[in-house]
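The next block is coords-v6.cif, given as mmCIF, C-alpha atoms and all ligand atoms; chains and numbers go by the auth columns.
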data_start
#
loop_
_atom_site.group_PDB
_atom_site.id
_atom_site.type_symbol
_atom_site.label_atom_id
_atom_site.label_comp_id
_atom_site.label_asym_id
_atom_site.label_seq_id
_atom_site.Cartn_x
_atom_site.Cartn_y
_atom_site.Cartn_z
_atom_site.B_iso_or_equiv
_atom_site.auth_seq_id
_atom_site.auth_asym_id
ATOM 1 C CA MET A 1 10.390 13.253 -6.581 0.00 1 A
ATOM 2 C CA SER A 2 8.512 15.763 -4.430 0.00 2 A
ATOM 3 C CA GLY A 3 9.368 16.935 -0.934 0.00 3 A
ATOM 4 C CA PHE A 4 6.681 14.546 0.221 0.00 4 A
ATOM 5 C CA SER A 5 8.593 11.308 -0.094 0.00 5 A
ATOM 6 C CA VAL A 6 9.456 8.543 2.294 0.00 6 A
ATOM 7 C CA ASP A 7 12.817 6.828 2.191 0.00 7 A
ATOM 8 C CA ILE A 8 11.562 3.270 2.423 0.00 8 A
ATOM 9 C CA ALA A 9 14.904 1.620 1.712 0.00 9 A
ATOM 10 C CA SER A 10 16.164 2.664 5.143 0.00 10 A
ATOM 11 C CA LEU A 11 12.892 1.908 6.890 0.00 11 A
ATOM 12 C CA SER A 12 12.840 -1.168 9.078 0.00 12 A
ATOM 13 C CA PRO A 13 9.806 -3.458 8.924 0.00 13 A
ATOM 14 C CA GLY A 14 7.037 -2.348 11.252 0.00 14 A
ATOM 15 C CA SER A 15 5.289 0.869 12.061 0.00 15 A
ATOM 16 C CA HIS A 16 6.850 4.337 12.000 0.00 16 A
ATOM 17 C CA ARG A 17 5.567 7.826 12.742 0.00 17 A
ATOM 18 C CA ILE A 18 6.753 10.126 9.985 0.00 18 A
ATOM 19 C CA GLY A 19 6.117 13.831 9.617 0.00 19 A
ATOM 20 C CA LEU A 20 6.684 15.554 6.288 0.00 20 A
ATOM 21 C CA GLU A 21 6.405 19.179 5.320 0.00 21 A
ATOM 22 C CA CYS A 22 6.990 21.050 2.098 0.00 22 A
ATOM 23 C CA GLU A 23 5.838 24.007 0.089 0.00 23 A
ATOM 24 C CA ALA A 24 2.607 23.489 -1.837 0.00 24 A
ATOM 25 C CA SER A 25 4.407 24.203 -5.103 0.00 25 A
ATOM 26 C CA GLU A 26 6.538 21.095 -4.554 0.00 26 A
ATOM 27 C CA LEU A 27 3.338 19.059 -4.702 0.00 27 A
ATOM 28 C CA GLY A 28 2.340 20.699 -7.961 0.00 28 A
ATOM 29 C CA LEU A 29 -0.187 22.967 -6.260 0.00 29 A
ATOM 30 C CA SER A 30 -0.457 26.666 -6.924 0.00 30 A
ATOM 31 C CA GLN A 31 1.435 28.658 -4.340 0.00 31 A
ATOM 32 C CA GLN A 32 -1.200 31.361 -4.626 0.00 32 A
ATOM 33 C CA ASP A 33 -4.056 28.988 -3.788 0.00 33 A
ATOM 34 C CA TRP A 34 -2.059 27.178 -1.090 0.00 34 A
ATOM 35 C CA PRO A 35 0.012 29.922 0.540 0.00 35 A
ATOM 36 C CA ARG A 36 1.375 27.913 3.461 0.00 36 A
ATOM 37 C CA PRO A 37 3.489 24.785 3.754 0.00 37 A
ATOM 38 C CA VAL A 38 1.637 21.485 3.536 0.00 38 A
ATOM 39 C CA ARG A 39 2.178 19.084 6.372 0.00 39 A
ATOM 40 C CA GLY A 40 1.589 15.373 6.644 0.00 40 A
ATOM 41 C CA ASP A 41 1.590 13.269 9.799 0.00 41 A
ATOM 42 C CA PHE A 42 1.719 9.656 8.836 0.00 42 A
ATOM 43 C CA ASP A 43 1.881 6.214 10.268 0.00 43 A
ATOM 44 C CA VAL A 44 3.999 4.251 7.798 0.00 44 A
ATOM 45 C CA GLN A 45 3.805 0.483 8.003 0.00 45 A
ATOM 46 C CA LYS A 46 6.308 -1.554 6.101 0.00 46 A
ATOM 47 C CA SER A 47 5.939 -5.249 5.605 0.00 47 A
ATOM 48 C CA GLY A 48 8.193 -6.762 2.984 0.00 48 A
ATOM 49 C CA ASP A 49 7.682 -4.730 -0.162 0.00 49 A
ATOM 50 C CA GLN A 50 4.281 -3.530 0.944 0.00 50 A
ATOM 51 C CA VAL A 51 3.961 -0.087 2.423 0.00 51 A
ATOM 52 C CA ARG A 52 0.848 1.375 3.973 0.00 52 A
ATOM 53 C CA VAL A 53 0.676 5.078 4.727 0.00 53 A
ATOM 54 C CA LYS A 54 -2.147 6.396 6.873 0.00 54 A
ATOM 55 C CA GLY A 55 -2.523 9.741 8.487 0.00 55 A
ATOM 56 C CA LEU A 56 -3.624 13.312 8.118 0.00 56 A
ATOM 57 C CA LEU A 57 -2.635 16.133 5.848 0.00 57 A
ATOM 58 C CA SER A 58 -2.869 19.699 6.976 0.00 58 A
ATOM 59 C CA ALA A 59 -2.842 22.682 4.693 0.00 59 A
ATOM 60 C CA VAL A 60 -4.390 26.084 4.219 0.00 60 A
ATOM 61 C CA ALA A 61 -6.252 26.922 1.049 0.00 61 A
ATOM 62 C CA SER A 62 -6.772 30.478 -0.100 0.00 62 A
ATOM 63 C CA LEU A 63 -10.235 30.699 -1.619 0.00 63 A
ATOM 64 C CA GLU A 64 -12.603 33.295 -2.975 0.00 64 A
ATOM 65 C CA CYS A 65 -15.985 33.465 -1.301 0.00 65 A
ATOM 66 C CA VAL A 66 -18.742 32.818 -3.851 0.00 66 A
ATOM 67 C CA ARG A 67 -21.031 35.283 -2.105 0.00 67 A
ATOM 68 C CA CYS A 68 -18.897 38.329 -1.276 0.00 68 A
ATOM 69 C CA LEU A 69 -15.884 37.576 -3.531 0.00 69 A
ATOM 70 C CA LYS A 70 -13.433 38.188 -0.698 0.00 70 A
ATOM 71 C CA THR A 71 -10.376 35.999 -0.448 0.00 71 A
ATOM 72 C CA PHE A 72 -10.221 33.970 2.730 0.00 72 A
ATOM 73 C CA GLU A 73 -8.126 31.168 4.156 0.00 73 A
ATOM 74 C CA LEU A 74 -9.594 27.761 4.833 0.00 74 A
ATOM 75 C CA PRO A 75 -7.579 25.289 6.905 0.00 75 A
ATOM 76 C CA VAL A 76 -8.140 21.698 5.787 0.00 76 A
ATOM 77 C CA ARG A 77 -7.170 18.452 7.475 0.00 77 A
ATOM 78 C CA PRO A 78 -8.163 15.571 5.233 0.00 78 A
ATOM 79 C CA PRO A 79 -7.331 11.955 6.032 0.00 79 A
ATOM 80 C CA PHE A 80 -4.722 10.280 3.876 0.00 80 A
ATOM 81 C CA ASP A 81 -4.569 6.583 3.147 0.00 81 A
ATOM 82 C CA LEU A 82 -2.306 4.957 0.614 0.00 82 A
ATOM 83 C CA TYR A 83 -1.108 1.485 -0.099 0.00 83 A
ATOM 84 C CA ALA A 84 2.007 0.820 -2.159 0.00 84 A
ATOM 85 C CA GLU A 85 3.649 -2.197 -3.643 0.00 85 A
ATOM 86 C CA ARG A 86 6.972 -2.618 -5.286 0.00 86 A
ATOM 87 C CA ALA A 87 6.780 -2.187 -9.034 0.00 87 A
ATOM 88 C CA GLY A 88 7.867 -4.944 -11.362 0.00 88 A
ATOM 89 C CA THR A 89 7.790 -7.815 -8.916 0.00 89 A
ATOM 90 C CA GLY A 90 6.317 -9.894 -11.717 0.00 90 A
ATOM 91 C CA ARG A 91 3.286 -10.889 -9.681 0.00 91 A
ATOM 92 C CA ARG A 92 -0.091 -9.666 -10.679 0.00 92 A
ATOM 93 C CA ARG A 93 -1.863 -8.579 -7.566 0.00 93 A
ATOM 94 C CA ASP A 94 -5.394 -9.713 -7.224 0.00 94 A
ATOM 95 C CA GLU A 95 -7.811 -7.148 -8.486 0.00 95 A
ATOM 96 C CA GLU A 96 -9.789 -7.450 -5.324 0.00 96 A
ATOM 97 C CA ALA A 97 -6.988 -5.827 -3.375 0.00 97 A
ATOM 98 C CA LEU A 98 -6.659 -3.098 -5.970 0.00 98 A
ATOM 99 C CA GLU A 99 -10.334 -2.341 -5.668 0.00 99 A
ATOM 100 C CA ARG A 100 -10.483 -2.525 -1.931 0.00 100 A
ATOM 101 C CA ASP A 101 -7.751 -0.011 -1.395 0.00 101 A
ATOM 102 C CA GLU A 102 -8.751 3.485 -2.169 0.00 102 A
ATOM 103 C CA TYR A 103 -5.395 4.522 -3.424 0.00 103 A
ATOM 104 C CA MET A 104 -2.795 2.155 -4.702 0.00 104 A
ATOM 105 C CA LYS A 105 0.683 3.072 -5.826 0.00 105 A
ATOM 106 C CA PHE A 106 3.908 1.418 -6.832 0.00 106 A
ATOM 107 C CA HIS A 107 7.364 2.196 -5.532 0.00 107 A
ATOM 108 C CA ASP A 108 10.862 1.350 -6.677 0.00 108 A
ATOM 109 C CA GLY A 109 12.066 -0.103 -3.397 0.00 109 A
ATOM 110 C CA ARG A 110 13.968 3.046 -2.489 0.00 110 A
ATOM 111 C CA LYS A 111 11.597 5.952 -2.208 0.00 111 A
ATOM 112 C CA LEU A 112 7.866 6.359 -2.108 0.00 112 A
ATOM 113 C CA ASP A 113 6.669 9.686 -3.431 0.00 113 A
ATOM 114 C CA LEU A 114 3.428 10.767 -1.761 0.00 114 A
ATOM 115 C CA GLY A 115 3.293 14.127 -3.523 0.00 115 A
ATOM 116 C CA GLU A 116 0.850 13.278 -6.263 0.00 116 A
ATOM 117 C CA ALA A 117 -1.529 11.478 -3.931 0.00 117 A
ATOM 118 C CA ALA A 118 -1.358 14.334 -1.417 0.00 118 A
ATOM 119 C CA ARG A 119 -2.161 16.854 -4.132 0.00 119 A
ATOM 120 C CA GLU A 120 -5.220 14.884 -5.217 0.00 120 A
ATOM 121 C CA VAL A 121 -6.491 14.515 -1.664 0.00 121 A
ATOM 122 C CA LEU A 122 -6.104 18.238 -1.009 0.00 122 A
ATOM 123 C CA LEU A 123 -7.829 19.273 -4.237 0.00 123 A
ATOM 124 C CA LEU A 124 -10.762 16.957 -3.494 0.00 124 A
ATOM 125 C CA GLU A 125 -11.075 18.574 -0.089 0.00 125 A
ATOM 126 C CA LEU A 126 -11.918 21.991 -1.522 0.00 126 A
ATOM 127 C CA PRO A 127 -15.589 22.978 -1.316 0.00 127 A
ATOM 128 C CA MET A 128 -17.453 23.420 -4.612 0.00 128 A
ATOM 129 C CA ALA A 129 -18.877 26.739 -3.484 0.00 129 A
ATOM 130 C CA PRO A 130 -16.565 28.190 -0.857 0.00 130 A
ATOM 131 C CA CYS A 131 -18.018 30.667 1.612 0.00 131 A
ATOM 132 C CA CYS A 132 -15.947 32.879 3.899 0.00 132 A
ATOM 133 C CA ARG A 133 -18.424 32.047 6.654 0.00 133 A
ATOM 134 C CA ASP A 134 -21.755 30.274 6.901 0.00 134 A
ATOM 135 C CA ASP A 135 -23.729 33.464 7.311 0.00 135 A
ATOM 136 C CA CYS A 136 -21.922 35.556 4.703 0.00 136 A
ATOM 137 C CA ARG A 137 -24.550 37.933 3.322 0.00 137 A
ATOM 138 C CA GLY A 138 -22.807 38.471 0.007 0.00 138 A
ATOM 139 C CA LEU A 139 -22.922 41.416 -2.337 0.00 139 A
ATOM 140 C CA CYS A 140 -25.998 43.373 -3.297 0.00 140 A
ATOM 141 C CA PRO A 141 -26.902 42.309 -6.852 0.00 141 A
ATOM 142 C CA VAL A 142 -28.005 45.857 -7.657 0.00 142 A
ATOM 143 C CA CYS A 143 -25.237 48.112 -6.341 0.00 143 A
ATOM 144 C CA GLY A 144 -22.547 45.620 -5.371 0.00 144 A
ATOM 145 C CA ALA A 145 -22.375 46.756 -1.746 0.00 145 A
ATOM 146 C CA ASP A 146 -20.871 44.194 0.629 0.00 146 A
ATOM 147 C CA ARG A 147 -23.860 43.394 2.806 0.00 147 A
ATOM 148 C CA ASN A 148 -21.591 42.160 5.590 0.00 148 A
ATOM 149 C CA THR A 149 -20.241 45.660 6.149 0.00 149 A
ATOM 150 C CA GLU A 150 -22.514 48.133 4.383 0.00 150 A
ATOM 151 C CA SER A 151 -26.216 48.730 4.106 0.00 151 A
ATOM 152 C CA CYS A 152 -27.821 49.856 0.894 0.00 152 A
ATOM 153 C CA PRO A 153 -31.417 50.720 -0.060 0.00 153 A
ATOM 154 C CA HIS A 154 -31.933 47.541 -2.105 0.00 154 A
ATOM 155 C CA LEU A 155 -33.295 44.216 -0.972 0.00 155 A
HETATM 156 ZN ZN ZN B . -18.199 35.949 1.963 0.00 201 B
HETATM 157 ZN ZN ZN B . -27.602 47.677 -3.088 0.00 202 B
#

Hey, can you dump this file as structure tokens for me?
Amino acid sequence: MSGFSVDIASLSPGSHRIGLECEASELGLSQQDWPRPVRGDFDVQKSGDQVRVKGLLSAVASLECVRCLKTFELPVRPPFDLYAERAGTGRRRDEEALERDEYMKFHDGRKLDLGEAAREVLLLELPMAPCCRDDCRGLCPVCGADRNTESCPHL
């Protein structure tokens, strides 16, 4: 169970605003790549055994710029949307519902752990080729000078 879990047993039916925060390492993320606590602001809707969690994650990734190789911090705020059903209810849910919902999980009726789903959402949010800024000029391929701060005779 990660720090990103909702106590659904004590949750009354209906809609609830829930804020969660934990260290990135508790979500199975590298503390070095995610140096600050991860936060989630969710609207949790409970209806019977069905739980819907919608909201936003916020975190800060530490990335290396592909152009100048400097480490920089990138704040991310991806949307989060998860639908959970109680495991082992004996009913086979229609596949249509499984397909429709982007992320489907099962819970045990007591706690719903959002950690794994949050980790996946955050990792998907990372750019393939991170840049410290749009106009980063990168390093000179000849002498390695940082063209953002130095000038060199090559171009
Ligand atoms: Zn850069
Ligand atoms: Zn150069």

Can I get the residues close to ligand ZN 201 (chain B) as an MDAnalysis selection string, where close means within 6 Å and we count all atoms listed in the file?
-> chainID A and resid 65 67:68 70 131:132 136 138

Give me the residues within 6 Å of A:Arg39 as a list in words, counting only C-alpha atoms and dropping any in the same chain fewer than 6 places off.
-> Leu20, Glu21, Leu57 and Ser58 of chain A

Result set, the PyMOL selection byres (((not hetatm)) within 10 of (chain B and resi 202)) on current file, as a list in words = Leu139, Cys140, Pro141, Val142, Cys143, Gly144, Ala145, Asp146, Arg147, Glu150, Ser151, Cys152, Pro153, His154 and Leu155 of chain A

Take the residues just selected and output them with C-alpha atoms as a JSON list (two decimals), keeping the file's coordinate frame.
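Written output follows (again-v8.json):
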[["chain", "number", "residue", "atom", "x", "y", "z"],
["A", 139, "LEU", "CA", -22.92, 41.42, -2.34],
["A", 140, "CYS", "CA", -26.00, 43.37, -3.30],
["A", 141, "PRO", "CA", -26.90, 42.31, -6.85],
["A", 142, "VAL", "CA", -28.00, 45.86, -7.66],
["A", 143, "CYS", "CA", -25.24, 48.11, -6.34],
["A", 144, "GLY", "CA", -22.55, 45.62, -5.37],
["A", 145, "ALA", "CA", -22.38, 46.76, -1.75],
["A", 146, "ASP", "CA", -20.87, 44.19, 0.63],
["A", 147, "ARG", "CA", -23.86, 43.39, 2.81],
["A", 150, "GLU", "CA", -22.51, 48.13, 4.38],
["A", 151, "SER", "CA", -26.22, 48.73, 4.11],
["A", 152, "CYS", "CA", -27.82, 49.86, 0.89],
["A", 153, "PRO", "CA", -31.42, 50.72, -0.06],
["A", 154, "HIS", "CA", -31.93, 47.54, -2.10],
["A", 155, "LEU", "CA", -33.30, 44.22, -0.97]]

Pull out every residue that the PyMOL selection byres (((chain A and resi 53) around 7) and not hetatm) matches in the shown coordinates and put them as an MDAnalysis selection string.
-> chainID A and resid 42:45 51:52 54:55 81:83

Considering all atoms listed in the file, state which residue in the set A:Glu73, A:Asp49, A:Asp113, A:Asp41 is at the smallest distance from A:Glu26.
->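 Smallest separation from A:Glu26 among the options: A:Asp113.
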
Counting all atoms listed in the file, which of A:Ala87, A:Leu112, A:Met1, A:Leu122 gets nearest to A:Ala61?
->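 Of all the options, A:Leu122 lies closest to A:Ala61.
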
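Of the listed residues (A:Glu85, A:Glu23, A:Glu64, A:Asp108), A:Glu23 comes nearest to A:Gly40; the distances count only C-alpha atoms.
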
Distance in Å - atom CA of A:Arg77 versus atom CA of A:Glu125 = 8.5 Å

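Between A:His107 and the candidates A:Arg119, A:Arg17, A:Arg36, A:Arg86, the tightest atom-to-atom separation, counting all atoms listed in the file, involves A:Arg86.
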
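With atom CA of A:Ser25 on one side and atom CA of A:Ser2 on the other, the separation reads 9.4 Å.
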
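You can rank A:Pro37, A:Leu124, A:Ile8, A:Ala118 by their closest distance to A:Cys22 using all atoms listed in the file, and at the top of that list sits A:Pro37.
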
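Here atom CA of A:Gly115 stands at a distance of 22.4 Å from atom CA of A:Gly48.
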
Could you tell me which of A:Val66, A:Phe72, A:Lys111, A:Val60 comes closest to A:Leu11 if we count only C-alpha atoms?
-> A:Lys111
